[in-house]
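K.L.:
Contents of protein.cif (mmCIF, C-alpha atoms) are given next:
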```cif
data_work
loop_
_atom_site.label_atom_id
_atom_site.label_comp_id
_atom_site.auth_asym_id
_atom_site.auth_seq_id
_atom_site.Cartn_x
_atom_site.Cartn_y
_atom_site.Cartn_z
CA MET A 1 -11.98 2.01 7.91
CA SER A 2 -14.02 1.47 11.01
CA ILE A 3 -16.49 3.80 12.65
CA PRO A 4 -16.30 4.51 16.43
CA GLN A 5 -16.92 1.30 18.34
CA SER A 6 -19.30 0.53 21.21
CA GLY A 7 -17.41 -1.96 23.33
CA GLY A 8 -18.55 -1.21 26.86
CA GLY A 9 -17.75 0.66 30.06
CA PRO A 10 -14.61 1.23 32.13
CA ILE A 11 -11.82 -1.32 32.12
CA GLU A 12 -11.26 -2.33 35.72
CA SER A 13 -8.93 -5.27 35.06
CA PRO A 14 -6.60 -6.12 32.15
CA ASP A 15 -8.32 -9.52 32.03
CA GLN A 16 -11.31 -7.77 30.45
CA LEU A 17 -9.37 -7.30 27.20
CA ALA A 18 -9.13 -11.01 26.46
CA GLU A 19 -12.61 -11.52 27.89
CA TYR A 20 -13.89 -9.01 25.33
CA MET A 21 -12.58 -11.23 22.53
CA ALA A 22 -13.84 -14.39 24.21
CA SER A 23 -17.33 -12.90 24.43
CA GLY A 24 -17.53 -13.11 20.65
CA ALA A 25 -17.53 -16.93 20.67
CA LYS A 26 -20.78 -18.43 19.36
CA PRO A 27 -22.18 -21.92 18.83
CA LYS A 28 -22.05 -23.06 15.24
CA ALA A 29 -25.80 -22.58 14.79
CA ASP A 30 -25.28 -18.86 15.39
CA TRP A 31 -22.34 -18.34 13.03
CA ARG A 32 -22.96 -15.60 10.49
CA ILE A 33 -21.31 -14.00 7.47
CA GLY A 34 -20.50 -10.30 7.23
CA THR A 35 -19.19 -9.09 3.87
CA GLU A 36 -17.58 -5.68 3.31
CA HIS A 37 -16.53 -4.12 0.05
CA GLU A 38 -15.20 -0.77 -1.14
CA LYS A 39 -15.51 0.92 -4.52
CA PHE A 40 -14.25 4.05 -6.25
CA GLY A 41 -16.74 6.73 -7.28
CA TYR A 42 -15.91 8.99 -10.19
CA THR A 43 -17.34 11.87 -12.21
CA ALA A 44 -18.07 12.18 -15.94
CA ASP A 45 -14.52 13.59 -16.25
CA LEU A 46 -13.13 10.34 -14.77
CA LEU A 47 -12.01 12.13 -11.62
CA PRO A 48 -12.64 10.93 -8.06
CA LEU A 49 -15.85 12.13 -6.45
CA PRO A 50 -15.24 15.13 -4.16
CA TYR A 51 -16.98 15.29 -0.82
CA GLU A 52 -19.02 18.41 -1.63
CA GLY A 53 -20.97 19.43 -4.73
CA ALA A 54 -23.82 18.34 -6.96
CA CYS A 55 -21.90 15.22 -8.05
CA SER A 56 -20.23 14.18 -4.83
CA ILE A 57 -19.91 11.76 -1.97
CA ARG A 58 -22.19 13.91 0.13
CA ALA A 59 -24.84 13.85 -2.60
CA MET A 60 -24.56 10.05 -2.72
CA LEU A 61 -25.07 9.71 1.02
CA GLU A 62 -27.96 12.14 1.06
CA GLY A 63 -29.57 10.41 -1.92
CA LEU A 64 -29.41 7.04 -0.20
CA ARG A 65 -30.72 8.60 3.00
CA ASP A 66 -33.66 10.31 1.32
CA GLY A 67 -34.51 7.63 -1.21
CA TYR A 68 -33.87 4.37 0.58
CA GLY A 69 -34.44 4.85 4.28
CA TRP A 70 -30.85 4.90 5.50
CA THR A 71 -30.15 6.70 8.77
CA PRO A 72 -27.32 9.24 8.55
CA VAL A 73 -24.16 9.15 10.66
CA GLU A 74 -22.61 12.56 11.19
CA GLU A 75 -19.32 13.93 12.47
CA GLN A 76 -18.99 17.62 13.27
CA GLY A 77 -22.19 18.34 11.37
CA LYS A 78 -21.18 16.52 8.19
CA ILE A 79 -22.74 13.29 6.96
CA ILE A 80 -20.04 10.62 6.86
CA GLY A 81 -22.01 7.37 6.78
CA LEU A 82 -25.34 5.58 6.91
CA THR A 83 -26.92 2.72 8.83
CA ARG A 84 -29.87 0.43 8.09
CA ASP A 85 -30.95 -2.99 9.32
CA GLY A 86 -27.59 -4.01 10.74
CA ALA A 87 -25.58 -2.75 7.75
CA ASN A 88 -23.69 0.49 7.31
CA VAL A 89 -22.23 2.57 4.53
CA SER A 90 -19.00 4.34 5.44
CA LEU A 91 -16.25 6.31 3.75
CA GLU A 92 -12.60 5.48 3.30
CA PRO A 93 -10.19 8.43 3.46
CA GLY A 94 -10.26 9.17 -0.29
CA GLY A 95 -14.02 8.77 -0.60
CA GLN A 96 -14.05 5.06 -1.34
CA PHE A 97 -17.64 4.01 -0.72
CA GLU A 98 -17.87 1.02 1.60
CA LEU A 99 -20.76 -1.30 2.37
CA SER A 100 -20.34 -3.19 5.64
CA GLY A 101 -23.08 -5.73 5.34
CA ALA A 102 -25.34 -7.11 8.01
CA ALA A 103 -24.60 -10.48 9.61
CA VAL A 104 -26.39 -13.02 7.41
CA GLU A 105 -26.70 -16.80 7.28
CA THR A 106 -25.74 -17.77 3.71
CA ILE A 107 -23.83 -16.54 0.68
CA HIS A 108 -27.20 -16.23 -1.06
CA ASP A 109 -28.11 -13.64 1.57
CA THR A 110 -24.92 -11.67 1.15
CA ALA A 111 -25.34 -11.77 -2.64
CA ALA A 112 -28.89 -10.44 -2.33
CA GLU A 113 -27.67 -7.69 -0.01
CA LEU A 114 -24.97 -6.76 -2.53
CA ASP A 115 -27.50 -6.66 -5.38
CA THR A 116 -29.74 -4.33 -3.40
CA HIS A 117 -26.86 -2.06 -2.46
CA LEU A 118 -25.44 -1.79 -5.97
CA ARG A 119 -28.92 -1.13 -7.37
CA GLU A 120 -29.50 1.69 -4.89
CA VAL A 121 -26.04 3.15 -5.51
CA ALA A 122 -26.54 3.02 -9.29
CA ASP A 123 -29.88 4.79 -8.98
CA VAL A 124 -28.52 7.68 -6.90
CA ALA A 125 -25.27 7.86 -8.88
CA GLY A 126 -27.19 7.98 -12.17
CA ARG A 127 -29.21 10.95 -10.96
CA ILE A 128 -26.15 12.99 -9.98
CA GLY A 129 -23.88 11.96 -12.88
CA ALA A 130 -21.53 9.62 -11.00
CA ARG A 131 -20.41 6.03 -11.50
CA PHE A 132 -18.62 3.43 -9.37
CA MET A 133 -16.03 0.81 -10.22
CA GLY A 134 -14.41 -2.08 -8.40
CA VAL A 135 -10.64 -2.59 -8.62
CA GLY A 136 -7.99 -3.02 -5.95
CA ALA A 137 -6.13 0.24 -6.60
CA ALA A 138 -6.96 3.47 -8.40
CA PRO A 139 -5.44 2.88 -11.84
CA ILE A 140 -4.71 6.49 -12.85
CA TRP A 141 -5.36 9.02 -10.09
CA THR A 142 -2.42 10.59 -8.27
CA HIS A 143 -2.34 11.34 -4.56
CA ASP A 144 -2.87 15.06 -5.21
CA GLN A 145 -6.10 14.33 -7.07
CA MET A 146 -7.70 12.48 -4.19
CA PRO A 147 -10.26 14.24 -1.99
CA VAL A 148 -10.04 14.03 1.79
CA MET A 149 -13.12 12.94 3.69
CA PRO A 150 -14.15 15.04 6.73
CA LYS A 151 -13.31 12.46 9.39
CA GLY A 152 -10.99 13.32 12.26
CA ARG A 153 -9.58 9.81 12.39
CA TYR A 154 -8.22 10.17 8.88
CA ARG A 155 -6.55 13.51 9.49
CA LEU A 156 -4.56 11.98 12.32
CA MET A 157 -3.71 8.82 10.38
CA THR A 158 -2.55 10.70 7.27
CA ASP A 159 0.11 12.56 9.22
CA TYR A 160 1.26 9.47 11.09
CA MET A 161 1.47 7.25 8.00
CA GLY A 162 4.14 9.49 6.54
CA ARG A 163 6.36 8.86 9.55
CA VAL A 164 6.21 5.07 9.82
CA GLY A 165 6.19 3.70 6.27
CA THR A 166 6.39 4.52 2.60
CA HIS A 167 2.97 3.44 1.28
CA GLY A 168 0.50 4.31 4.02
CA THR A 169 -1.28 7.17 2.29
CA GLN A 170 -1.56 5.10 -0.89
CA MET A 171 -3.46 2.50 1.13
CA MET A 172 -5.71 5.10 2.71
CA TYR A 173 -6.65 7.07 -0.37
CA ARG A 174 -6.17 4.84 -3.41
CA THR A 175 -7.04 1.22 -2.63
CA CYS A 176 -10.22 -0.83 -2.35
CA THR A 177 -10.74 -4.26 -0.81
CA VAL A 178 -13.38 -6.90 -0.24
CA GLN A 179 -13.34 -8.84 3.01
CA VAL A 180 -15.50 -11.22 4.99
CA ASN A 181 -15.98 -11.41 8.74
CA LEU A 182 -16.59 -14.85 10.25
CA ASP A 183 -17.35 -16.22 13.70
CA TYR A 184 -15.53 -18.67 15.96
CA ALA A 185 -16.89 -21.09 18.55
CA SER A 186 -14.10 -20.99 21.14
CA GLU A 187 -10.53 -19.91 21.75
CA ALA A 188 -9.20 -23.07 20.10
CA ASP A 189 -11.48 -22.55 17.11
CA MET A 190 -10.30 -18.94 16.81
CA VAL A 191 -6.69 -20.07 16.82
CA GLN A 192 -7.17 -22.67 14.10
CA LYS A 193 -9.21 -20.30 11.93
CA LEU A 194 -6.74 -17.44 12.38
CA ARG A 195 -3.82 -19.67 11.42
CA VAL A 196 -5.62 -20.88 8.29
CA ALA A 197 -6.71 -17.34 7.46
CA LEU A 198 -3.18 -15.97 7.73
CA ALA A 199 -1.42 -18.84 5.98
CA LEU A 200 -3.85 -18.98 3.05
CA GLN A 201 -4.47 -15.25 2.70
CA PRO A 202 -1.93 -15.13 -0.18
CA VAL A 203 -4.21 -17.52 -2.09
CA ALA A 204 -7.07 -15.03 -1.81
CA THR A 205 -4.68 -12.24 -2.81
CA ALA A 206 -3.67 -14.16 -5.93
CA LEU A 207 -7.16 -15.30 -6.94
CA LEU A 208 -8.73 -11.85 -6.50
CA ALA A 209 -5.83 -9.75 -7.83
CA SER A 210 -7.20 -6.80 -9.81
CA SER A 211 -4.72 -3.96 -9.38
CA PRO A 212 -1.94 -4.20 -11.99
CA PHE A 213 -2.06 -0.44 -12.76
CA PHE A 214 -1.10 2.60 -10.72
CA GLU A 215 -0.66 6.23 -11.72
CA GLY A 216 -1.50 5.49 -15.32
CA LYS A 217 0.70 2.53 -16.14
CA PRO A 218 1.40 -1.12 -15.28
CA ASN A 219 3.08 -1.38 -11.90
CA GLY A 220 4.77 -4.79 -12.14
CA HIS A 221 2.37 -6.43 -9.69
CA LYS A 222 -0.88 -8.33 -10.07
CA SER A 223 -2.05 -6.82 -6.76
CA TRP A 224 -0.57 -3.41 -6.10
CA ARG A 225 -2.97 -3.11 -3.16
CA SER A 226 -1.21 -6.05 -1.52
CA ARG A 227 2.18 -4.53 -2.34
CA ILE A 228 1.17 -1.32 -0.58
CA TRP A 229 0.35 -3.16 2.63
CA ARG A 230 3.89 -4.56 2.87
CA ASP A 231 5.40 -1.11 3.48
CA LEU A 232 2.71 0.63 5.46
CA ASP A 233 3.53 0.25 9.17
CA ALA A 234 5.40 -2.86 10.26
CA SER A 235 4.17 -2.49 13.85
CA ARG A 236 0.53 -3.15 12.91
CA THR A 237 0.52 -5.16 9.66
CA GLY A 238 1.71 -8.50 8.33
CA MET A 239 1.34 -12.24 8.80
CA LEU A 240 1.59 -12.39 12.63
CA PRO A 241 4.24 -15.12 13.09
CA PHE A 242 3.38 -15.32 16.81
CA ALA A 243 -0.06 -16.70 15.92
CA PHE A 244 1.59 -19.98 14.89
CA GLU A 245 3.55 -20.39 18.10
CA GLU A 246 2.63 -22.61 21.01
CA GLY A 247 0.48 -20.81 23.56
CA MET A 248 -1.43 -18.75 21.01
CA GLY A 249 -4.82 -17.60 22.26
CA PHE A 250 -6.87 -14.54 23.12
CA GLN A 251 -4.30 -13.21 25.59
CA ARG A 252 -1.42 -13.56 23.15
CA TYR A 253 -3.33 -11.55 20.56
CA VAL A 254 -4.19 -8.95 23.21
CA ASP A 255 -0.51 -8.64 24.13
CA TRP A 256 0.36 -7.89 20.51
CA VAL A 257 -2.40 -5.28 20.11
CA LEU A 258 -1.30 -3.61 23.36
CA ASP A 259 2.17 -3.18 21.88
CA VAL A 260 0.85 -1.44 18.74
CA PRO A 261 1.14 2.35 19.08
CA MET A 262 -2.15 4.19 19.39
CA TYR A 263 -3.71 6.58 16.88
CA PHE A 264 -6.43 8.33 18.88
CA VAL A 265 -9.03 8.33 21.63
CA TYR A 266 -12.61 9.11 20.64
CA ARG A 267 -14.48 11.43 23.00
CA ASP A 268 -17.79 13.29 22.49
CA GLY A 269 -17.60 13.26 18.71
CA HIS A 270 -13.93 14.24 18.57
CA TYR A 271 -10.76 12.28 17.85
CA ILE A 272 -8.07 13.16 20.40
CA ASP A 273 -4.51 12.82 19.08
CA ALA A 274 -2.73 9.94 20.82
CA LEU A 275 -0.37 9.14 17.95
CA GLY A 276 2.43 6.83 19.00
CA GLN A 277 1.25 6.58 22.58
CA SER A 278 0.78 3.32 24.48
CA PHE A 279 -2.48 1.64 25.42
CA ARG A 280 -0.56 0.03 28.28
CA ASP A 281 0.01 3.53 29.67
CA PHE A 282 -3.67 4.28 29.13
CA LEU A 283 -4.56 1.27 31.31
CA LYS A 284 -2.45 2.79 34.08
CA GLY A 285 -4.02 6.24 33.73
CA GLU A 286 -0.78 7.61 32.29
CA LEU A 287 -1.74 8.39 28.69
CA PRO A 288 -0.22 11.78 27.78
CA ALA A 289 -3.27 12.63 25.66
CA LEU A 290 -5.66 12.13 28.62
CA PRO A 291 -3.66 12.35 31.87
CA GLY A 292 -5.30 10.52 34.75
CA GLU A 293 -8.07 9.01 32.62
CA ARG A 294 -8.43 5.26 32.17
CA PRO A 295 -9.88 3.57 29.08
CA THR A 296 -13.24 1.96 28.48
CA LEU A 297 -13.90 -1.20 26.52
CA SER A 298 -15.10 1.07 23.72
CA ASP A 299 -11.59 2.60 23.65
CA TRP A 300 -10.15 -0.92 23.46
CA ALA A 301 -12.53 -1.82 20.64
CA ASP A 302 -11.45 1.34 18.80
CA HIS A 303 -7.77 0.51 19.28
CA MET A 304 -8.35 -3.00 17.90
CA THR A 305 -9.53 -1.40 14.64
CA THR A 306 -6.15 0.31 14.21
CA VAL A 307 -4.21 -2.92 13.68
CA PHE A 308 -4.15 -4.18 10.11
CA PRO A 309 -2.73 -7.71 9.80
CA GLU A 310 -3.70 -9.92 6.87
CA ALA A 311 -6.35 -11.47 9.12
CA ARG A 312 -7.63 -9.54 12.13
CA VAL A 313 -9.42 -10.71 15.27
CA LYS A 314 -12.02 -8.70 17.15
CA LYS A 315 -15.14 -10.54 18.30
CA TYR A 316 -14.83 -12.32 14.95
CA ILE A 317 -12.11 -12.84 12.35
CA GLU A 318 -11.70 -10.57 9.33
CA MET A 319 -10.11 -11.89 6.10
CA ARG A 320 -8.29 -8.86 4.70
CA GLY A 321 -6.11 -9.95 1.78
CA ALA A 322 -8.21 -9.45 -1.36
CA ASP A 323 -8.60 -6.73 -3.98
CA ALA A 324 -12.06 -5.40 -4.74
CA GLY A 325 -13.50 -6.33 -8.11
CA PRO A 326 -16.64 -7.10 -10.10
CA LYS A 327 -19.78 -8.39 -8.44
CA ASP A 328 -19.07 -12.07 -9.05
CA ARG A 329 -15.76 -11.76 -7.20
CA LEU A 330 -17.31 -9.77 -4.37
CA ASN A 331 -19.52 -12.81 -3.77
CA ALA A 332 -16.75 -15.33 -4.41
CA LEU A 333 -14.50 -14.01 -1.65
CA PRO A 334 -16.93 -14.76 1.21
CA ALA A 335 -17.83 -18.06 -0.46
CA LEU A 336 -14.15 -19.06 -0.44
CA TRP A 337 -13.66 -18.39 3.26
CA VAL A 338 -17.02 -19.72 4.40
CA GLY A 339 -16.27 -22.93 2.55
CA LEU A 340 -12.90 -23.21 4.29
CA MET A 341 -13.97 -22.07 7.76
CA TYR A 342 -17.53 -23.17 8.48
CA ASP A 343 -17.13 -26.91 7.88
CA GLN A 344 -14.73 -28.66 10.25
CA PRO A 345 -13.39 -31.26 7.78
CA ALA A 346 -12.71 -28.44 5.32
CA LEU A 347 -10.99 -26.36 7.99
CA ASP A 348 -8.84 -29.34 8.99
CA ALA A 349 -7.95 -30.01 5.35
CA ALA A 350 -7.01 -26.36 4.83
CA TRP A 351 -4.76 -26.45 7.89
CA ASP A 352 -3.14 -29.67 6.66
CA LEU A 353 -2.03 -27.75 3.54
CA ALA A 354 -0.28 -25.04 5.51
CA LYS A 355 0.75 -26.40 8.90
CA GLY A 356 4.22 -27.44 7.79
CA TRP A 357 5.19 -24.04 6.40
CA THR A 358 7.72 -21.80 8.10
CA ALA A 359 7.12 -18.13 8.80
CA GLU A 360 9.54 -17.40 5.97
CA THR A 361 7.47 -19.44 3.51
CA ARG A 362 4.25 -17.75 4.57
CA GLU A 363 5.76 -14.29 4.11
CA ALA A 364 7.38 -15.24 0.81
CA LEU A 365 4.02 -16.46 -0.50
CA ARG A 366 2.47 -13.16 0.50
CA VAL A 367 5.09 -11.24 -1.46
CA ALA A 368 4.98 -13.54 -4.47
CA ALA A 369 1.18 -13.45 -4.66
CA SER A 370 1.18 -9.68 -4.97
CA VAL A 371 3.74 -9.79 -7.77
CA ASP A 372 2.82 -12.88 -9.77
CA GLY A 373 -0.72 -13.87 -8.81
CA LEU A 374 -1.37 -17.51 -9.55
CA GLN A 375 2.07 -17.86 -11.12
CA ALA A 376 3.72 -17.20 -7.76
CA GLU A 377 6.07 -19.71 -6.20
CA ALA A 378 7.83 -19.62 -2.83
CA GLY A 379 9.39 -22.11 -0.48
CA GLY A 380 8.72 -24.93 -2.91
CA VAL A 381 4.99 -24.09 -2.96
CA LYS A 382 3.43 -23.37 -6.37
CA MET A 383 0.53 -20.97 -5.96
CA LEU A 384 -1.45 -22.41 -8.85
CA ASP A 385 -1.38 -25.92 -7.38
CA LEU A 386 -2.18 -24.54 -3.94
CA ALA A 387 -5.08 -22.44 -5.23
CA ARG A 388 -6.62 -25.44 -6.96
CA GLU A 389 -6.49 -27.42 -3.74
CA VAL A 390 -7.86 -24.54 -1.68
CA VAL A 391 -10.78 -23.92 -4.05
CA ALA A 392 -11.61 -27.63 -4.09
CA ILE A 393 -11.62 -27.74 -0.28
CA ALA A 394 -13.85 -24.67 -0.16
CA GLN A 395 -16.25 -26.22 -2.67
CA ALA A 396 -16.49 -29.33 -0.52
CA GLY A 397 -17.02 -27.21 2.58
CA LEU A 398 -19.85 -25.28 0.96
CA LYS A 399 -21.45 -28.49 -0.31
CA ALA A 400 -21.36 -29.91 3.22
CA ARG A 401 -23.19 -26.82 4.48
CA GLY A 402 -26.11 -27.82 2.27
CA HIS A 403 -27.20 -24.34 1.17
CA GLY A 404 -26.37 -24.69 -2.52
CA GLU A 405 -23.64 -22.03 -2.32
CA GLU A 406 -21.00 -23.79 -4.41
CA GLY A 407 -21.81 -21.85 -7.58
CA PHE A 408 -20.46 -18.65 -6.06
CA LEU A 409 -16.99 -20.19 -6.33
CA ASP A 410 -17.23 -20.81 -10.07
CA VAL A 411 -15.33 -17.66 -11.02
CA LEU A 412 -12.43 -18.65 -8.74
CA ALA A 413 -12.51 -22.24 -9.95
CA GLU A 414 -12.23 -20.95 -13.50
CA SER A 415 -9.20 -18.85 -12.54
CA ALA A 416 -7.59 -21.78 -10.77
CA ALA A 417 -8.18 -23.98 -13.81
CA SER A 418 -6.77 -21.46 -16.30
CA GLY A 419 -4.06 -19.90 -14.16
CA ARG A 420 -5.36 -16.45 -15.07
CA VAL A 421 -6.83 -13.85 -12.75
CA LEU A 422 -8.54 -10.55 -13.44
CA ALA A 423 -5.24 -8.67 -13.37
CA ASP A 424 -3.96 -10.85 -16.21
CA ASP A 425 -7.03 -10.09 -18.30
CA LEU A 426 -6.77 -6.34 -17.64
CA LEU A 427 -3.10 -6.31 -18.64
CA ALA A 428 -3.93 -8.20 -21.84
CA ARG A 429 -6.66 -5.69 -22.74
CA TYR A 430 -4.35 -2.78 -22.00
CA ALA A 431 -1.70 -4.19 -24.35
CA GLY A 432 -4.29 -5.27 -26.93
CA GLU A 433 -7.71 -3.84 -27.60
CA TRP A 434 -7.25 -0.77 -25.35
CA GLN A 435 -4.01 0.11 -27.17
CA GLY A 436 -2.54 1.57 -24.02
CA ASP A 437 -5.57 3.72 -23.25
CA LEU A 438 -6.08 3.04 -19.55
CA THR A 439 -9.17 5.23 -19.36
CA ARG A 440 -10.98 2.25 -20.90
CA ILE A 441 -10.80 0.53 -17.51
CA TYR A 442 -13.43 2.85 -16.05
CA GLY A 443 -16.22 1.69 -18.31
CA GLU A 444 -15.25 -1.95 -18.24
CA MET A 445 -14.88 -2.23 -14.46
CA SER A 446 -17.89 -0.16 -13.40
CA TYR A 447 -20.96 -1.66 -11.75
#
```
Just give me the structure of the file as structure tokens.

P.N.:
Amino acid sequence: MSIPQSGGGPIESPDQLAEYMASGAKPKADWRIGTEHEKFGYTADLLPLPYEGACSIRAMLEGLRDGYGWTPVEEQGKIIGLTRDGANVSLEPGGQFELSGAAVETIHDTAAELDTHLREVADVAGRIGARFMGVGAAPIWTHDQMPVMPKGRYRLMTDYMGRVGTHGTQMMYRTCTVQVNLDYASEADMVQKLRVALALQPVATALLASSPFFEGKPNGHKSWRSRIWRDLDASRTGMLPFAFEEGMGFQRYVDWVLDVPMYFVYRDGHYIDALGQSFRDFLKGELPALPGERPTLSDWADHMTTVFPEARVKKYIEMRGADAGPKDRLNALPALWVGLMYDQPALDAAWDLAKGWTAETREALRVAASVDGLQAEAGGVKMLDLAREVVAIAQAGLKARGHGEEGFLDVLAESAASGRVLADDLLARYAGEWQGDLTRIYGEMSY
């Protein structure tokens, strides 16, 4: 989940909303890669890390602050995050520990950043008796076992999620993802990249699927995390069919975000309840939560973080469809999308794969990927064949970049060749060598 945004001063014209997005456009020489990943911390008793205590989230944050030069971020006197050199560490609602990496030039850079982060986390965790693992959904813990982080945003969201969907609190407290944030050069470039990102997000879901267990047993899906997102809040999630329509651009995306109900307004360190209220009313000075007050661009930037489609646009595009996993997959996910997005022939080839699909096919692929992984099939499209083509295009795109990044895709190429993903291997171990003992997953999936 995002931290409070710094977007700018008062909004004097609605045109500034689209202009805010347009201001993110960069020439290709300035394109960067920002990788984010979440992970579950747990105690020696295999329980989630609480916020307070000797073995806790707070102890982790303070250990990183004191031992590795991170600057603390606080809310209401409690440490809730860290910043350093363009990167930040933040907390998901259930204590999932998230690294939002700095904007870097190559996958080698993001891999080095990940190595440093995991090394620092392991050092602090080892001293307090904690460990961390990477999977898409908590395999055993129930909702009642999850701690609640001391962030006002999450208190508001928890209440609202129960009103608008059936799986919202599962997403908040018991899932982990890996995503990559990539740049665009222009409005037209944003549109093409967003369409490719949305259409092919099910491929990333299938290739990175790592969440076949939930509440102590197999759940019937390769990616339960993806399943959760389908019944969270229809007003702010999904595959954005409008993005494929004629006339798509910054303003069309703005119009959609304006129609998404608000969560909050952030003022002076406090989250003001604006649940279900309209940003359009806010623009007119008619927001019930703040009568007579008009929003700033920072308020708009905050509101943009409360929409959760499979690919999200801010001043860059976020690819949001993948489960967290082991280190090789945390590096493979950005490699996949950089290969597809940062070489124009690769981007064109990726769009050629998907441009003939209907909205129904795109949604059906999303559903099938969460259930069947690489064995999914929808609308006459076989996921395994599609994944092989997508990985090959990404490999070519990385090769064209000339940074020697292709090796980061090896783990996905192996999955595409075999038809097996991590979820398949975990299910096989559960039925075989683990003999139904799901606690074995903690040791095997920890960093």

K.L.:
So which one's closest to Gln179 (chain A), A:Leu194, A:Ala335, A:Ala138, A:Ile80? Using only C-alpha atoms, please.

P.N.:
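So, comparing all the options, the nearest one is A:Ala335.
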
K.L.:
Once you count all atoms listed in the file, what closest atom pair and distance in Å to one decimal does each residue of region 220-278 of chain A within 9 Å of region 422-440 of chain A have, with rows by chain and rising residue number, as a Markdown table?

P.N.:
```
| residue | atom | partner | partner_atom | distance |
| --- | --- | --- | --- | --- |
| A:His221 | CA | A:Ala423 | CA | 8.7 |
| A:Lys222 | CA | A:Ala423 | CA | 5.5 |
| A:Ser223 | CA | A:Ala423 | CA | 7.6 |
```

K.L.:
Go through the shown structure with the PyMOL selection byres ((chain A and resi 442) around 10) and write out the matching residues as a compact mmCIF listing (two decimals) with C-alpha atoms, in the coordinates of the input.

P.N.:
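Saved result, part_14.txt, follows:
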```txt
# COMPACT_ATOMS: atom_id res chain seq x y z
CA PHE A 40 -14.25 4.05 -6.25
CA TYR A 42 -15.91 8.99 -10.19
CA LEU A 46 -13.13 10.34 -14.77
CA ARG A 131 -20.41 6.03 -11.50
CA PHE A 132 -18.62 3.43 -9.37
CA MET A 133 -16.03 0.81 -10.22
CA GLY A 134 -14.41 -2.08 -8.40
CA VAL A 135 -10.64 -2.59 -8.62
CA PRO A 139 -5.44 2.88 -11.84
CA ILE A 140 -4.71 6.49 -12.85
CA LEU A 438 -6.08 3.04 -19.55
CA THR A 439 -9.17 5.23 -19.36
CA ARG A 440 -10.98 2.25 -20.90
CA ILE A 441 -10.80 0.53 -17.51
CA GLY A 443 -16.22 1.69 -18.31
CA GLU A 444 -15.25 -1.95 -18.24
CA MET A 445 -14.88 -2.23 -14.46
CA SER A 446 -17.89 -0.16 -13.40
CA TYR A 447 -20.96 -1.66 -11.75
```

K.L.:
Using all atoms listed in the file, which of A:Ala122, A:Asp115, A:Asp302, A:Glu105 sits nearest Ala29 (chain A)?

P.N.:
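Looking only at the distances to Ala29 (chain A), the closest residue turns out to be A:Glu105.
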
K.L.:
Can you spell out as a PyMOL selection string the set of residues that the PyMOL selection byres ((chain A and resi 245) around 12) selects in the structure I just provided?

P.N.:
chain A and resi 191-192+195+240-244+246-249+252-253+355+358-359

K.L.:
Which residues match the PyMOL selection byres ((chain A and resi 388) around 10) in the file above, as JSON, numbers by chain?

P.N.:
{"A": [203, 374, 383, 384, 385, 386, 387, 389, 390, 391, 392, 393, 394, 412, 413, 414, 415, 416, 417, 419]}

K.L.:
Taking into account only C-alpha atoms, which residue in the set A:Gln145, A:Ser13, A:Gln251, A:Thr35 is nearest to Trp337 (chain A)?

P.N.:
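Of A:Gln145, A:Ser13, A:Gln251, A:Thr35, the one nearest Trp337 (chain A) is A:Thr35, counting only C-alpha atoms.
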
K.L.:
Which value, in Å to one decimal, gives the distance between CA of Leu61 (chain A) and CA of Val124 (chain A)?

P.N.:
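Taking CA of Leu61 (chain A) as the start and CA of Val124 (chain A) as the end point, the length is 8.9 Å.
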
K.L.:
Report, in Å to a single decimal, how far apart CA of Lys39 (chain A) and CA of Val307 (chain A) are.

P.N.:
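Distance between the two atoms: 21.8 Å.
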
K.L.:
For a test of reading the model, state the distance in Å between CA of Ile79 (chain A) and CA of Met149 (chain A), rounded to one decimal.

P.N.:
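According to the coordinates, CA of Ile79 (chain A) and CA of Met149 (chain A) are separated by 10.2 Å.
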
K.L.:
For each of A:Tyr154, A:Tyr184, A:Phe97, A:Tyr51, take the minimum atom-to-atom distance to Lys314 (chain A), counting all atoms listed in the file, then give the residue where this is smallest.

P.N.:
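The answer is A:Tyr184, which sits nearest to Lys314 (chain A).
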
K.L.:
Applying 12 Å and all atoms listed in the file, which residues near Val257 (chain A) remain after dropping the ones on its own chain fewer than 5 positions away? List them as a VMD selection string.

P.N.:
chain A and resid 17 to 18 235 to 237 240 250 to 252 262 278 to 280 300 to 309 312 to 314

K.L.:
Looking at A:Met157, A:Leu275, A:Leu297, A:Ala396, which one is nearest to Glu19 (chain A), with distances taken over only C-alpha atoms?

P.N.:
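So, comparing all the options, the nearest one is A:Leu297.
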
K.L.:
Which residue, A:Gly276, A:Gly339, A:Gly397, A:Gly356, has the smallest gap to Asp159 (chain A) when you use only C-alpha atoms?

P.N.:
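Closest candidate: A:Gly276.
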
K.L.:
For region 377-379 of chain A, find every residue with an atom within 10 Å (counting all atoms listed in the file), except residues of its own chain fewer than 6 positions away, and show them as an NGL selection string.

P.N.:
:A and (357-358 or 360-369 or 385-386)

K.L.:
At a cut-off of 9 Å around the point (-5.0, -12.3, -6.3) (file coordinates), what residues fall inside when counting all atoms listed in the file? I'd like the answer as a list in words.

P.N.:
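In the file's frame, the residues around the point are Pro202, Val203, Ala204, Thr205, Ala206, Leu207, Leu208, Ala209, Ser210, Ser211, Lys222, Ser223, Ser226, Gly321, Ala322, Asp323, Ala369, Ser370, Asp372, Gly373, Leu374, Val421, Leu422 and Ala423 of chain A.
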
K.L.:
Kindly extract all protein, DNA and RNA residues lying within 9 Å of the coordinates (-3.8, 2.6, 31.5) given in the file, considering all atoms listed in the file, and supply them as number ranges by chain.

P.N.:
A: 11, 278-287, 292-295
